[in-house]
$ cat my_file.txt   # compact mmCIF, C-alpha atoms and all ligand atoms
# COMPACT_ATOMS: atom_id res chain seq x y z
CA MET A 286 -6.60 -20.17 -17.33
CA SER A 287 -7.83 -22.63 -14.80
CA LEU A 288 -5.72 -24.69 -12.42
CA LYS A 289 -7.03 -27.66 -10.51
CA PHE A 290 -6.14 -27.52 -6.82
CA ASP A 291 -4.95 -30.70 -5.20
CA ILE A 292 -6.73 -30.67 -1.81
CA ARG A 293 -4.73 -32.37 0.94
CA PRO A 294 -6.50 -32.00 4.29
CA SER A 295 -4.24 -31.83 7.33
CA ALA A 296 -3.68 -35.16 9.08
CA ASN A 297 -3.33 -33.17 12.33
CA PRO A 298 -5.98 -30.44 12.44
CA THR A 299 -6.30 -28.36 15.62
CA PRO A 300 -8.70 -30.12 18.04
CA GLU A 301 -12.10 -28.40 18.20
CA LYS A 302 -11.76 -27.33 21.85
CA GLU A 303 -8.38 -25.72 21.23
CA ARG A 304 -9.70 -23.97 18.14
CA GLU A 305 -12.76 -22.64 19.96
CA ALA A 306 -10.55 -21.32 22.77
CA LYS A 307 -8.34 -19.54 20.22
CA LEU A 308 -11.37 -18.03 18.50
CA GLU A 309 -12.67 -16.50 21.71
CA ASN A 310 -10.34 -13.51 21.67
CA PRO A 311 -8.32 -13.70 18.46
CA GLY A 312 -6.83 -10.18 18.33
CA PHE A 313 -5.22 -9.44 14.95
CA GLY A 314 -2.84 -11.62 12.96
CA ARG A 315 -1.44 -13.88 15.67
CA ILE A 316 -3.58 -17.01 15.25
CA PHE A 317 -3.66 -19.05 12.07
CA SER A 318 -5.93 -21.69 10.58
CA ASP A 319 -4.84 -25.25 9.77
CA HIS A 320 -4.24 -24.96 6.03
CA MET A 321 -2.69 -22.78 3.34
CA ALA A 322 -2.96 -22.51 -0.42
CA ILE A 323 0.17 -22.71 -2.55
CA VAL A 324 0.71 -22.25 -6.28
CA ARG A 325 4.13 -22.20 -7.91
CA TYR A 326 5.44 -20.39 -10.97
CA THR A 327 8.39 -21.33 -13.10
CA GLN A 328 9.44 -19.31 -16.14
CA GLY A 329 8.74 -21.33 -19.28
CA GLN A 330 6.28 -23.58 -17.46
CA GLY A 331 3.85 -21.02 -16.03
CA TRP A 332 1.68 -21.58 -12.92
CA HIS A 333 1.60 -25.11 -11.57
CA SER A 334 1.42 -27.37 -8.49
CA ALA A 335 -1.72 -25.71 -7.04
CA ARG A 336 -2.43 -27.18 -3.62
CA ILE A 337 -4.32 -26.74 -0.41
CA GLU A 338 -2.26 -28.34 2.31
CA SER A 339 -1.34 -28.23 5.98
CA ARG A 340 0.05 -24.86 7.02
CA ALA A 341 3.82 -25.33 7.32
CA ASN A 342 7.18 -23.57 6.89
CA PHE A 343 8.40 -22.85 3.37
CA PRO A 344 11.67 -24.42 2.37
CA LEU A 345 13.53 -21.34 1.11
CA ASP A 346 17.13 -21.28 -0.06
CA PRO A 347 19.23 -18.58 1.69
CA ALA A 348 19.89 -17.15 -1.79
CA GLY A 349 16.14 -16.97 -2.56
CA ALA A 350 15.62 -13.63 -4.34
CA VAL A 351 12.94 -12.31 -1.94
CA LEU A 352 15.38 -12.42 0.96
CA HIS A 353 17.74 -10.01 -0.78
CA TYR A 354 15.82 -7.69 -3.07
CA ALA A 355 12.33 -7.83 -1.52
CA GLN A 356 10.35 -8.89 -4.56
CA GLU A 357 7.19 -9.50 -2.56
CA ILE A 358 3.54 -8.45 -2.82
CA PHE A 359 0.47 -9.19 -0.75
CA GLU A 360 -3.26 -8.64 -0.37
CA GLY A 361 -5.74 -8.55 2.49
CA LEU A 362 -9.41 -9.51 2.46
CA LYS A 363 -11.86 -11.09 4.86
CA ALA A 364 -14.39 -13.95 5.01
CA TYR A 365 -17.49 -13.17 7.08
CA ARG A 366 -19.90 -15.64 8.67
CA ARG A 367 -23.50 -14.86 7.79
CA ASP A 368 -26.35 -15.38 10.29
CA ASP A 369 -27.60 -18.31 8.15
CA GLY A 370 -24.21 -20.03 8.60
CA GLY A 371 -22.99 -19.29 5.06
CA VAL A 372 -19.77 -17.41 4.27
CA ASN A 373 -19.30 -14.13 2.38
CA LEU A 374 -16.21 -12.76 0.70
CA PHE A 375 -16.16 -9.02 0.00
CA ARG A 376 -15.01 -7.99 -3.50
CA PRO A 377 -12.33 -10.69 -3.94
CA ASP A 378 -12.19 -9.81 -7.65
CA ALA A 379 -10.95 -6.34 -6.71
CA ASN A 380 -8.15 -7.86 -4.61
CA ALA A 381 -7.25 -10.21 -7.48
CA ARG A 382 -6.99 -7.24 -9.87
CA ARG A 383 -4.92 -5.16 -7.46
CA PHE A 384 -2.62 -8.17 -6.95
CA GLN A 385 -2.02 -8.20 -10.70
CA ASN A 386 -1.20 -4.49 -10.68
CA SER A 387 1.21 -5.03 -7.80
CA ALA A 388 2.86 -7.92 -9.68
CA GLU A 389 3.21 -5.78 -12.79
CA ARG A 390 4.89 -2.93 -10.88
CA MET A 391 7.27 -5.32 -9.11
CA ALA A 392 8.16 -7.16 -12.36
CA MET A 393 6.68 -10.39 -10.99
CA ALA A 394 4.66 -13.08 -12.76
CA LYS A 395 0.96 -12.14 -12.94
CA LEU A 396 -1.34 -14.65 -11.27
CA PRO A 397 -4.58 -15.10 -13.24
CA GLU A 398 -7.52 -13.58 -11.33
CA ASP A 399 -9.48 -16.84 -11.34
CA VAL A 400 -6.57 -18.72 -9.72
CA PHE A 401 -6.32 -16.04 -7.01
CA ILE A 402 -10.04 -16.31 -6.27
CA GLU A 403 -10.07 -20.11 -6.42
CA ALA A 404 -7.14 -20.31 -3.94
CA VAL A 405 -8.96 -17.99 -1.52
CA GLU A 406 -12.27 -19.86 -1.85
CA GLN A 407 -10.72 -23.31 -1.42
CA LEU A 408 -8.87 -22.18 1.70
CA VAL A 409 -12.04 -20.66 3.17
CA ARG A 410 -13.95 -23.88 2.42
CA ILE A 411 -11.47 -26.15 4.16
CA ASP A 412 -10.92 -23.78 7.13
CA ARG A 413 -14.45 -22.41 7.50
CA ALA A 414 -14.58 -23.60 11.13
CA TRP A 415 -11.91 -20.93 11.81
CA ILE A 416 -14.25 -18.03 11.01
CA PRO A 417 -15.12 -16.43 14.35
CA GLY A 418 -18.75 -15.61 15.12
CA GLY A 419 -20.07 -12.17 16.08
CA GLU A 420 -18.10 -9.22 14.73
CA GLY A 421 -15.01 -11.32 14.02
CA SER A 422 -13.90 -12.50 10.59
CA LEU A 423 -11.28 -14.64 8.90
CA TYR A 424 -8.54 -12.36 7.55
CA LEU A 425 -7.08 -13.82 4.35
CA ARG A 426 -3.56 -12.95 3.36
CA PRO A 427 -2.65 -13.85 -0.24
CA PHE A 428 1.01 -13.11 -0.98
CA MET A 429 3.72 -13.90 -3.49
CA ILE A 430 7.49 -14.18 -3.09
CA ALA A 431 10.37 -14.41 -5.55
CA SER A 432 11.94 -17.82 -4.95
CA GLU A 433 14.65 -18.12 -7.59
CA VAL A 434 18.04 -19.01 -6.12
CA PHE A 435 20.16 -16.23 -7.61
CA LEU A 436 21.89 -13.12 -6.31
CA GLY A 437 21.82 -11.11 -9.55
CA VAL A 438 19.48 -8.11 -9.49
CA LYS A 439 16.77 -9.04 -12.00
CA PRO A 440 13.15 -10.23 -11.91
CA SER A 441 13.01 -13.73 -10.43
CA ALA A 442 12.26 -16.65 -12.75
CA GLU A 443 10.36 -18.48 -9.98
CA TYR A 444 7.60 -17.46 -7.58
CA ILE A 445 5.56 -18.95 -4.78
CA PHE A 446 2.00 -17.68 -4.39
CA SER A 447 0.31 -18.58 -1.12
CA VAL A 448 -2.76 -17.74 0.94
CA ILE A 449 -2.89 -18.04 4.72
CA ALA A 450 -5.84 -17.32 7.01
CA SER A 451 -6.01 -15.67 10.42
CA PRO A 452 -9.15 -15.35 12.54
CA VAL A 453 -9.37 -11.74 13.71
CA GLY A 454 -11.28 -9.41 15.97
CA SER A 455 -10.65 -5.69 15.89
CA TYR A 456 -7.38 -4.34 14.39
CA PHE A 457 -7.19 -1.64 17.06
CA LYS A 458 -7.32 -2.69 20.68
CA GLY A 459 -10.08 -0.16 21.33
CA GLY A 460 -12.37 -1.50 18.54
CA PRO A 461 -14.06 1.35 16.63
CA ALA A 462 -13.18 3.88 19.35
CA PRO A 463 -11.48 7.00 17.88
CA VAL A 464 -7.78 6.64 17.12
CA SER A 465 -5.03 9.26 17.39
CA ILE A 466 -2.64 9.86 14.52
CA TRP A 467 0.82 11.35 14.22
CA VAL A 468 1.72 13.51 11.20
CA SER A 469 5.03 12.26 9.85
CA GLU A 470 7.26 15.18 8.94
CA ASN A 471 10.57 13.31 8.92
CA TYR A 472 9.53 10.44 6.68
CA THR A 473 7.44 10.08 3.52
CA ARG A 474 5.82 6.93 2.16
CA ALA A 475 5.71 7.32 -1.61
CA ALA A 476 6.69 9.50 -4.54
CA ILE A 477 5.38 9.67 -8.10
CA GLY A 478 6.86 6.78 -10.08
CA GLY A 479 7.53 4.81 -6.89
CA THR A 480 5.60 1.89 -5.41
CA GLY A 481 3.07 3.74 -3.23
CA ALA A 482 0.08 2.62 -5.29
CA VAL A 483 0.85 -1.09 -4.98
CA LYS A 484 0.89 -3.49 -2.08
CA CYS A 485 4.51 -4.57 -1.78
CA GLY A 486 6.07 -5.52 1.53
CA GLY A 487 8.81 -2.90 1.11
CA ASN A 488 6.29 -0.07 1.52
CA TYR A 489 5.46 -1.38 4.97
CA ALA A 490 9.09 -1.93 5.98
CA ALA A 491 9.75 1.70 5.05
CA SER A 492 6.76 2.89 7.12
CA LEU A 493 7.82 1.23 10.37
CA ARG A 494 10.21 3.94 11.51
CA ALA A 495 7.48 6.55 11.07
CA GLN A 496 4.97 4.29 12.84
CA ALA A 497 7.42 3.87 15.73
CA GLU A 498 7.68 7.67 15.93
CA ALA A 499 3.87 7.81 16.14
CA ILE A 500 3.88 5.35 19.04
CA ASP A 501 6.66 7.34 20.76
CA HIS A 502 4.35 10.36 20.61
CA GLY A 503 1.50 8.40 22.18
CA CYS A 504 -0.41 7.96 18.89
CA ASP A 505 -1.98 4.84 17.36
CA GLN A 506 -1.02 5.42 13.72
CA VAL A 507 1.06 7.56 11.43
CA VAL A 508 -0.31 9.71 8.59
CA PHE A 509 2.02 10.52 5.69
CA LEU A 510 2.32 13.76 3.72
CA ASP A 511 3.20 14.01 0.02
CA ALA A 512 6.88 13.67 -0.83
CA ILE A 513 7.21 16.85 -2.94
CA GLU A 514 5.57 19.69 -1.02
CA ARG A 515 5.39 17.84 2.29
CA ARG A 516 1.97 19.40 2.86
CA TYR A 517 -0.76 17.24 1.40
CA ILE A 518 -2.29 14.35 3.34
CA GLU A 519 -1.71 11.00 1.63
CA GLU A 520 -2.76 8.08 3.82
CA LEU A 521 -1.93 6.15 6.98
CA GLY A 522 0.58 3.29 7.15
CA GLY A 523 -2.16 0.75 6.36
CA MET A 524 -5.34 2.75 5.75
CA ASN A 525 -6.85 5.43 3.53
CA ILE A 526 -8.38 8.59 4.97
CA PHE A 527 -11.62 10.58 4.56
CA PHE A 528 -12.74 14.04 5.74
CA VAL A 529 -16.33 15.12 6.44
CA PHE A 530 -17.32 18.81 6.37
CA ASP A 531 -20.11 20.84 7.99
CA ASP A 532 -22.04 21.14 4.69
CA GLY A 533 -22.22 17.31 4.47
CA SER A 534 -19.59 17.12 1.73
CA MET A 535 -16.67 14.71 1.86
CA LEU A 536 -13.10 14.59 0.59
CA THR A 537 -10.43 11.91 0.24
CA PRO A 538 -6.90 12.29 -1.20
CA PRO A 539 -6.66 11.46 -4.93
CA LEU A 540 -5.15 8.26 -6.31
CA GLY A 541 -1.59 8.30 -7.61
CA THR A 542 0.87 7.66 -4.81
CA ILE A 543 -1.59 6.10 -2.34
CA LEU A 544 -2.89 2.54 -2.24
CA PRO A 545 -6.21 2.37 -4.12
CA GLY A 546 -8.11 0.91 -1.18
CA ILE A 547 -11.10 -1.31 -1.85
CA THR A 548 -12.77 0.07 1.28
CA ARG A 549 -12.05 3.60 -0.03
CA ASP A 550 -13.67 2.75 -3.36
CA SER A 551 -16.66 1.15 -1.61
CA ILE A 552 -17.20 4.22 0.60
CA ILE A 553 -17.11 6.51 -2.44
CA ALA A 554 -19.76 4.28 -4.09
CA LEU A 555 -21.96 4.12 -0.95
CA MET A 556 -21.84 7.90 -0.53
CA LYS A 557 -22.70 8.37 -4.21
CA ASP A 558 -25.75 6.09 -3.66
CA SER A 559 -26.90 8.45 -0.94
CA GLY A 560 -26.35 11.53 -3.11
CA VAL A 561 -22.97 12.70 -1.78
CA ARG A 562 -20.12 13.00 -4.24
CA VAL A 563 -16.83 12.48 -2.46
CA ARG A 564 -14.24 14.90 -3.83
CA GLU A 565 -10.93 13.20 -4.60
CA GLU A 566 -8.72 16.23 -3.98
CA ALA A 567 -5.50 17.22 -2.30
CA TYR A 568 -5.98 18.48 1.27
CA SER A 569 -3.14 20.02 3.24
CA ILE A 570 -2.25 19.56 6.88
CA ASP A 571 -2.54 23.35 7.39
CA GLN A 572 -6.04 23.39 5.96
CA TRP A 573 -6.97 20.39 8.11
CA ARG A 574 -5.78 22.22 11.23
CA LYS A 575 -7.69 25.40 10.22
CA ASP A 576 -10.89 23.53 9.36
CA ALA A 577 -10.78 21.61 12.64
CA ALA A 578 -10.36 24.88 14.57
CA SER A 579 -13.16 26.72 12.73
CA GLY A 580 -15.59 23.80 13.01
CA LYS A 581 -15.78 23.44 9.21
CA LEU A 582 -14.34 19.94 9.53
CA LYS A 583 -16.75 17.69 11.37
CA GLU A 584 -15.11 14.27 11.12
CA ALA A 585 -12.10 12.41 9.82
CA PHE A 586 -11.80 8.66 9.60
CA ALA A 587 -9.40 5.98 8.42
CA CYS A 588 -10.52 2.95 6.44
CA GLY A 589 -9.20 -0.37 5.23
CA THR A 590 -9.92 -4.08 5.30
CA ALA A 591 -8.18 -4.69 8.61
CA ALA A 592 -9.36 -1.50 10.32
CA VAL A 593 -12.83 -1.28 8.63
CA ILE A 594 -13.71 2.36 9.46
CA SER A 595 -11.96 3.97 12.41
CA PRO A 596 -12.82 7.50 13.46
CA ILE A 597 -9.84 9.80 14.05
CA GLY A 598 -10.22 11.69 17.33
CA LYS A 599 -6.89 13.46 17.63
CA VAL A 600 -4.09 14.62 15.34
CA CYS A 601 -0.62 15.18 16.78
CA SER A 602 2.34 16.82 15.09
CA ALA A 603 5.55 18.66 15.81
CA ASN A 604 3.50 21.89 15.41
CA GLY A 605 0.97 20.97 18.06
CA ASP A 606 -2.07 18.74 18.48
CA PHE A 607 -5.72 19.22 17.59
CA ALA A 608 -8.92 17.30 18.25
CA ILE A 609 -11.63 16.31 15.76
CA SER A 610 -15.32 15.88 16.66
CA GLY A 611 -14.25 16.74 20.20
CA GLY A 612 -12.35 13.44 20.17
CA ALA A 613 -15.55 11.41 19.77
CA ALA A 614 -16.67 9.02 17.00
CA GLY A 615 -18.74 10.99 14.46
CA PRO A 616 -22.12 9.94 13.03
CA VAL A 617 -20.98 9.80 9.38
CA ALA A 618 -18.08 7.43 10.14
CA MET A 619 -20.20 5.24 12.38
CA GLY A 620 -23.14 5.21 9.94
CA LEU A 621 -20.86 4.24 7.04
CA ARG A 622 -19.20 1.61 9.17
CA LYS A 623 -22.59 0.02 9.94
CA LYS A 624 -23.68 0.15 6.30
CA LEU A 625 -20.46 -1.48 5.09
CA VAL A 626 -20.34 -4.14 7.81
CA ASP A 627 -24.03 -4.99 7.22
CA ILE A 628 -23.27 -5.62 3.54
CA GLN A 629 -20.18 -7.67 4.38
CA TYR A 630 -22.09 -9.90 6.82
CA GLY A 631 -25.06 -10.21 4.45
CA ARG A 632 -27.47 -8.41 6.80
CA THR A 633 -28.69 -6.02 4.14
CA ASN A 634 -29.03 -5.95 0.38
CA ASP A 635 -25.93 -5.67 -1.76
CA PRO A 636 -26.74 -3.17 -4.52
CA HIS A 637 -23.28 -3.34 -6.13
CA ASN A 638 -22.95 -7.16 -6.14
CA TRP A 639 -19.89 -6.98 -3.95
CA ILE A 640 -20.51 -10.20 -2.06
CA LYS A 641 -19.26 -13.54 -3.28
CA LYS A 642 -20.83 -16.41 -1.36
CA VAL A 643 -18.57 -19.35 -0.62
N1 LIG B 1 -3.58 1.98 2.40
C1 LIG B 1 -2.63 1.10 2.76
C2 LIG B 1 -1.22 1.54 2.78
C3 LIG B 1 -3.00 -0.23 3.12
O1 LIG B 1 -2.08 -1.11 3.49
C4 LIG B 1 -4.36 -0.59 3.08
C5 LIG B 1 -4.77 -1.94 3.44
O2 LIG B 1 -4.83 -2.80 2.65
C6 LIG B 1 -5.30 0.37 2.67
C7 LIG B 1 -4.87 1.64 2.35
C8 LIG B 1 -6.74 0.03 2.57
O3 LIG B 1 -6.98 -0.84 1.49
P1 LIG B 1 -8.20 -1.82 1.47
O4 LIG B 1 -9.40 -1.00 1.76
O5 LIG B 1 -8.21 -2.39 0.10
O6 LIG B 1 -7.95 -2.83 2.54
C1 LIG B 2 -5.32 -4.56 5.27
O1 LIG B 2 -6.15 -3.78 5.70
O2 LIG B 2 -5.61 -5.61 4.72
C2 LIG B 2 -3.91 -4.27 5.40
O3 LIG B 2 -3.16 -4.82 4.65
C3 LIG B 2 -3.47 -3.31 6.42
C4 LIG B 2 -2.36 -3.79 7.29
C5 LIG B 2 -2.71 -4.97 8.14
C6 LIG B 2 -1.09 -3.96 6.51

$ encode --input "my_file.txt" --output "structure tokens"
Amino acid sequence: MSLKFDIRPSANPTPEKEREAKLENPGFGRIFSDHMAIVRYTQGQGWHSARIESRANFPLDPAGAVLHYAQEIFEGLKAYRRDDGGVNLFRPDANARRFQNSAERMAMAKLPEDVFIEAVEQLVRIDRAWIPGGEGSLYLRPFMIASEVFLGVKPSAEYIFSVIASPVGSYFKGGPAPVSIWVSENYTRAAIGGTGAVKCGGNYAASLRAQAEAIDHGCDQVVFLDAIERRYIEELGGMNIFFVFDDGSMLTPPLGTILPGITRDSIIALMKDSGVRVREEAYSIDQWRKDAASGKLKEAFACGTAAVISPIGKVCSANGDFAISGGAAGPVAMGLRKKLVDIQYGRTNDPHNWIKKV
């Protein structure tokens, strides 16, 4: 399926000086570009009314389904400015596929992959001046909401798909400096048969209490344990996790109840290229504590589109705290981070054809 986007440039774009000032220190997710993409879905009619237009409020009826039963999904990917002035997207096809899986799980209409990618590309084209230089990037947030005006509990017959763009610097205030994480023992994130493996807004709403507990304990992020045995490490609120051992081997929790991260998949592929098979195996919090104490565990790091690769320096829990790599950023995490970022910015070759030039 192919939809033609009606491109309607803003009559009131942000003046260049104002934009440049905003791009100087963008932070994460607070500044937005001038435009958005919108595509609508109506049962019986399919996808229609594809547009790029001025970023504006959505008219949404108070009985709009998303406001009551949270039928909402989203994605996150970034556009990177290359040294030659061109723009790279990183694996947008993988985001488009995951968006379809999320839609399927949430009983929403499935957006064709080519429409997802076209919406992202058109938005990046029209707002390319919003991509920060240096280590910044333009964070793209495709999302879909159920817009039918109806209070019955059933899949909506209407949806709005949209993409917005936010120039970003580092997700964590400290950049790639090691982060501290809090082990959530009171709350879990996902159970088998639930929605843990898809990117629906409800997962994040349910994680906020645990994240607040992490902050209360002086930590940056929360890490969740499995919902059955309450022992095995799953993932962080918005990132996957990897462990590096003294024999050079690596481990990451298996897929199932965690989000299948595109960064996670890319790291597994990059390690395989360099001859290291990452084991996708369950790893318990007790084992983690033991391995950190004995020196068997050398590094742990979190990864995701927003956070890239962030070393974990300290783990805190109700049973006591422990440090990893003496609280410093480890060489494997930092080496992988450089390799990945170099591919994303087009500074090195791209053996897996992950880059899509815009
Ligand atoms: N896990 C969760 C819960 C996330 O929200 C994210 C971010 O999207 C990730 C993992 C990492 O996924 P990706 O690498 O595709 O950004
Ligand atoms: C991402 O990395 O894209 C995320 O979605 C994580 C977080 C901002 C929700």

$ residues_near_ligand --input "my_file.txt" --ligand "ligand LIG 2 (chain B)" --cutoff "8 Å" --atoms "all atoms listed in the file" --output "list in words"
Phe359, Glu360, Gly361, Leu362, Tyr424, Arg426, Tyr456, Lys484, Tyr489, Gly522, Gly523, Met524, Gly589, Thr590, Ala591, Ala592 and Val593 of chain A

$ atom_distance --input "my_file.txt" --atom1 "CA of Val405 (chain A)" --atom2 "CA of Cys485 (chain A)"
19.0 Å

$ axis_aligned_box --input "my_file.txt" --around "ligand LIG 1 (chain B)" --padding-each-side "3 Å" --output "AutoDock Vina command-line options"
--center_x -5.3 --center_y -0.4 --center_z 1.8 --size_x 14.2 --size_y 10.8 --size_z 9.4

$ closest_residue --input "my_file.txt" --among "A:Asn638, A:Thr537, A:Asn471, A:Asn380" --to "ligand LIG 1 (chain B)" --atoms "all atoms listed in the file"
A:Asn380

$ closest_residue --input "my_file.txt" --among "A:Ala585, A:Ala379, A:Ile430, A:Ala392" --to "ligand LIG 1 (chain B)" --atoms "all atoms listed in the file"
A:Ala379

$ atom_distance --input "my_file.txt" --atom1 "CA of Lys575 (chain A)" --atom2 "CA of Ala476 (chain A)"
26.0 Å

$ residues_around --input "my_file.txt" --residues "Glu357 (chain A)" --least-positions-apart "3" --cutoff "12 Å" --atoms "all atoms listed in the file" --output "PDB file with C-alpha atoms, keeping the file's coordinate frame"
ATOM      1  CA  GLY A 349      16.140 -16.970  -2.560  1.00  0.00           C
ATOM      2  CA  ALA A 350      15.620 -13.630  -4.340  1.00  0.00           C
ATOM      3  CA  VAL A 351      12.940 -12.310  -1.940  1.00  0.00           C
ATOM      4  CA  LEU A 352      15.380 -12.420   0.960  1.00  0.00           C
ATOM      5  CA  HIS A 353      17.740 -10.010  -0.780  1.00  0.00           C
ATOM      6  CA  TYR A 354      15.820  -7.690  -3.070  1.00  0.00           C
ATOM      7  CA  GLU A 360      -3.260  -8.640  -0.370  1.00  0.00           C
ATOM      8  CA  PHE A 384      -2.620  -8.170  -6.950  1.00  0.00           C
ATOM      9  CA  SER A 387       1.210  -5.030  -7.800  1.00  0.00           C
ATOM     10  CA  ALA A 388       2.860  -7.920  -9.680  1.00  0.00           C
ATOM     11  CA  GLU A 389       3.210  -5.780 -12.790  1.00  0.00           C
ATOM     12  CA  ARG A 390       4.890  -2.930 -10.880  1.00  0.00           C
ATOM     13  CA  MET A 391       7.270  -5.320  -9.110  1.00  0.00           C
ATOM     14  CA  ALA A 392       8.160  -7.160 -12.360  1.00  0.00           C
ATOM     15  CA  MET A 393       6.680 -10.390 -10.990  1.00  0.00           C
ATOM     16  CA  ALA A 394       4.660 -13.080 -12.760  1.00  0.00           C
ATOM     17  CA  PRO A 427      -2.650 -13.850  -0.240  1.00  0.00           C
ATOM     18  CA  PHE A 428       1.010 -13.110  -0.980  1.00  0.00           C
ATOM     19  CA  MET A 429       3.720 -13.900  -3.490  1.00  0.00           C
ATOM     20  CA  ILE A 430       7.490 -14.180  -3.090  1.00  0.00           C
ATOM     21  CA  ALA A 431      10.370 -14.410  -5.550  1.00  0.00           C
ATOM     22  CA  SER A 432      11.940 -17.820  -4.950  1.00  0.00           C
ATOM     23  CA  PRO A 440      13.150 -10.230 -11.910  1.00  0.00           C
ATOM     24  CA  SER A 441      13.010 -13.730 -10.430  1.00  0.00           C
ATOM     25  CA  TYR A 444       7.600 -17.460  -7.580  1.00  0.00           C
ATOM     26  CA  ILE A 445       5.560 -18.950  -4.780  1.00  0.00           C
ATOM     27  CA  PHE A 446       2.000 -17.680  -4.390  1.00  0.00           C
ATOM     28  CA  SER A 447       0.310 -18.580  -1.120  1.00  0.00           C
ATOM     29  CA  THR A 480       5.600   1.890  -5.410  1.00  0.00           C
ATOM     30  CA  VAL A 483       0.850  -1.090  -4.980  1.00  0.00           C
ATOM     31  CA  LYS A 484       0.890  -3.490  -2.080  1.00  0.00           C
ATOM     32  CA  CYS A 485       4.510  -4.570  -1.780  1.00  0.00           C
ATOM     33  CA  GLY A 486       6.070  -5.520   1.530  1.00  0.00           C
ATOM     34  CA  GLY A 487       8.810  -2.900   1.110  1.00  0.00           C
ATOM     35  CA  ASN A 488       6.290  -0.070   1.520  1.00  0.00           C
ATOM     36  CA  TYR A 489       5.460  -1.380   4.970  1.00  0.00           C
ATOM     37  CA  ALA A 490       9.090  -1.930   5.980  1.00  0.00           C
TER      38      ALA A 490
END

$ residues_around --input "my_file.txt" --residues "Asn297 (chain A)" --least-positions-apart "4" --cutoff "12 Å" --atoms "only C-alpha atoms" --output "list in words"
Arg293, Glu301, Ser318, Asp319, His320, Glu338, Ser339, Arg340 and Ala341 of chain A

$ residues_around --input "my_file.txt" --residues "Glu420 (chain A)" --least-positions-apart "5" --cutoff "12 Å" --atoms "only C-alpha atoms" --output "ChimeraX atom specification"
/A:308-312,363-368,452-456,460-461,593,623,626-627,629-630

$ atom_distance --input "my_file.txt" --atom1 "CA of Glu403 (chain A)" --atom2 "CA of His333 (chain A)"
13.7 Å

$ closest_residue --input "my_file.txt" --among "A:Gly479, A:Pro463, A:Gly620, A:Pro539" --to "Phe586 (chain A)" --atoms "only C-alpha atoms"
A:Pro463

$ closest_residue --input "my_file.txt" --among "A:Val400, A:Ala442, A:Ile500, A:Ala475" --to "ligand LIG 1 (chain B)" --atoms "all atoms listed in the file"
A:Ala475

$ closest_residue --input "my_file.txt" --among "A:Ser602, A:Thr548, A:Ser559, A:Asn373" --to "Phe509 (chain A)" --atoms "all atoms listed in the file"
A:Ser602

$ closest_residue --input "my_file.txt" --among "A:Ala618, A:Met321, A:Ile477, A:Leu544" --to "Leu425 (chain A)" --atoms "only C-alpha atoms"
A:Met321

$ residues_around --input "my_file.txt" --residues "Phe528 (chain A)" --least-positions-apart "4" --cutoff "12 Å" --atoms "only C-alpha atoms" --output "NGL selection string"
:A and (518 or 520 or 532-538 or 549 or 552-553 or 563-570 or 572-573 or 576-577 or 581-588 or 596-597 or 609-610 or 615 or 617-618)

$ residues_near_point --input "my_file.txt" --point "(-11.1, -24.6, 17.2)" --cutoff "10 Å" --atoms "only C-alpha atoms" --output "CSV table (one decimal) with C-alpha atoms, in the frame of the given file"
chain,number,residue,atom,x,y,z
A,298,PRO,CA,-6.0,-30.4,12.4
A,299,THR,CA,-6.3,-28.4,15.6
A,300,PRO,CA,-8.7,-30.1,18.0
A,301,GLU,CA,-12.1,-28.4,18.2
A,302,LYS,CA,-11.8,-27.3,21.8
A,303,GLU,CA,-8.4,-25.7,21.2
A,304,ARG,CA,-9.7,-24.0,18.1
A,305,GLU,CA,-12.8,-22.6,20.0
A,306,ALA,CA,-10.6,-21.3,22.8
A,307,LYS,CA,-8.3,-19.5,20.2
A,308,LEU,CA,-11.4,-18.0,18.5
A,309,GLU,CA,-12.7,-16.5,21.7
A,318,SER,CA,-5.9,-21.7,10.6
A,319,ASP,CA,-4.8,-25.2,9.8
A,414,ALA,CA,-14.6,-23.6,11.1
A,415,TRP,CA,-11.9,-20.9,11.8
A,416,ILE,CA,-14.2,-18.0,11.0
A,417,PRO,CA,-15.1,-16.4,14.4

$ residues_around --input "my_file.txt" --residues "Ser492 (chain A)" --least-positions-apart "6" --cutoff "9 Å" --atoms "all atoms listed in the file" --output "list in words"
Tyr472, Thr473, Arg474, Val507 and Gly522 of chain A

$ decode --input "my_file.txt" --residues "region 527-532 of chain A" --atoms "N, CA and C atoms" --output "PDB file, in the first residue's frame"
ATOM      1  N   PHE A 527      22.559  -5.462  29.550  1.00  0.00           N
ATOM      2  CA  PHE A 527      23.589  -6.444  29.187  1.00  0.00           C
ATOM      3  C   PHE A 527      24.581  -6.597  30.338  1.00  0.00           C
ATOM      4  N   PHE A 528      25.181  -7.809  30.416  1.00  0.00           N
ATOM      5  CA  PHE A 528      26.193  -8.108  31.427  1.00  0.00           C
ATOM      6  C   PHE A 528      27.456  -8.607  30.718  1.00  0.00           C
ATOM      7  N   VAL A 529      28.616  -8.174  31.213  1.00  0.00           N
ATOM      8  CA  VAL A 529      29.905  -8.562  30.619  1.00  0.00           C
ATOM      9  C   VAL A 529      30.734  -9.263  31.692  1.00  0.00           C
ATOM     10  N   PHE A 530      31.253 -10.466  31.362  1.00  0.00           N
ATOM     11  CA  PHE A 530      31.977 -11.263  32.349  1.00  0.00           C
ATOM     12  C   PHE A 530      33.492 -11.248  32.115  1.00  0.00           C
ATOM     13  N   ASP A 531      34.219 -11.771  33.133  1.00  0.00           N
ATOM     14  CA  ASP A 531      35.690 -11.686  33.089  1.00  0.00           C
ATOM     15  C   ASP A 531      36.302 -12.534  31.974  1.00  0.00           C
ATOM     16  N   ASP A 532      35.564 -13.534  31.454  1.00  0.00           N
ATOM     17  CA  ASP A 532      36.098 -14.337  30.344  1.00  0.00           C
ATOM     18  C   ASP A 532      35.738 -13.706  28.986  1.00  0.00           C
TER      19      ASP A 532
END
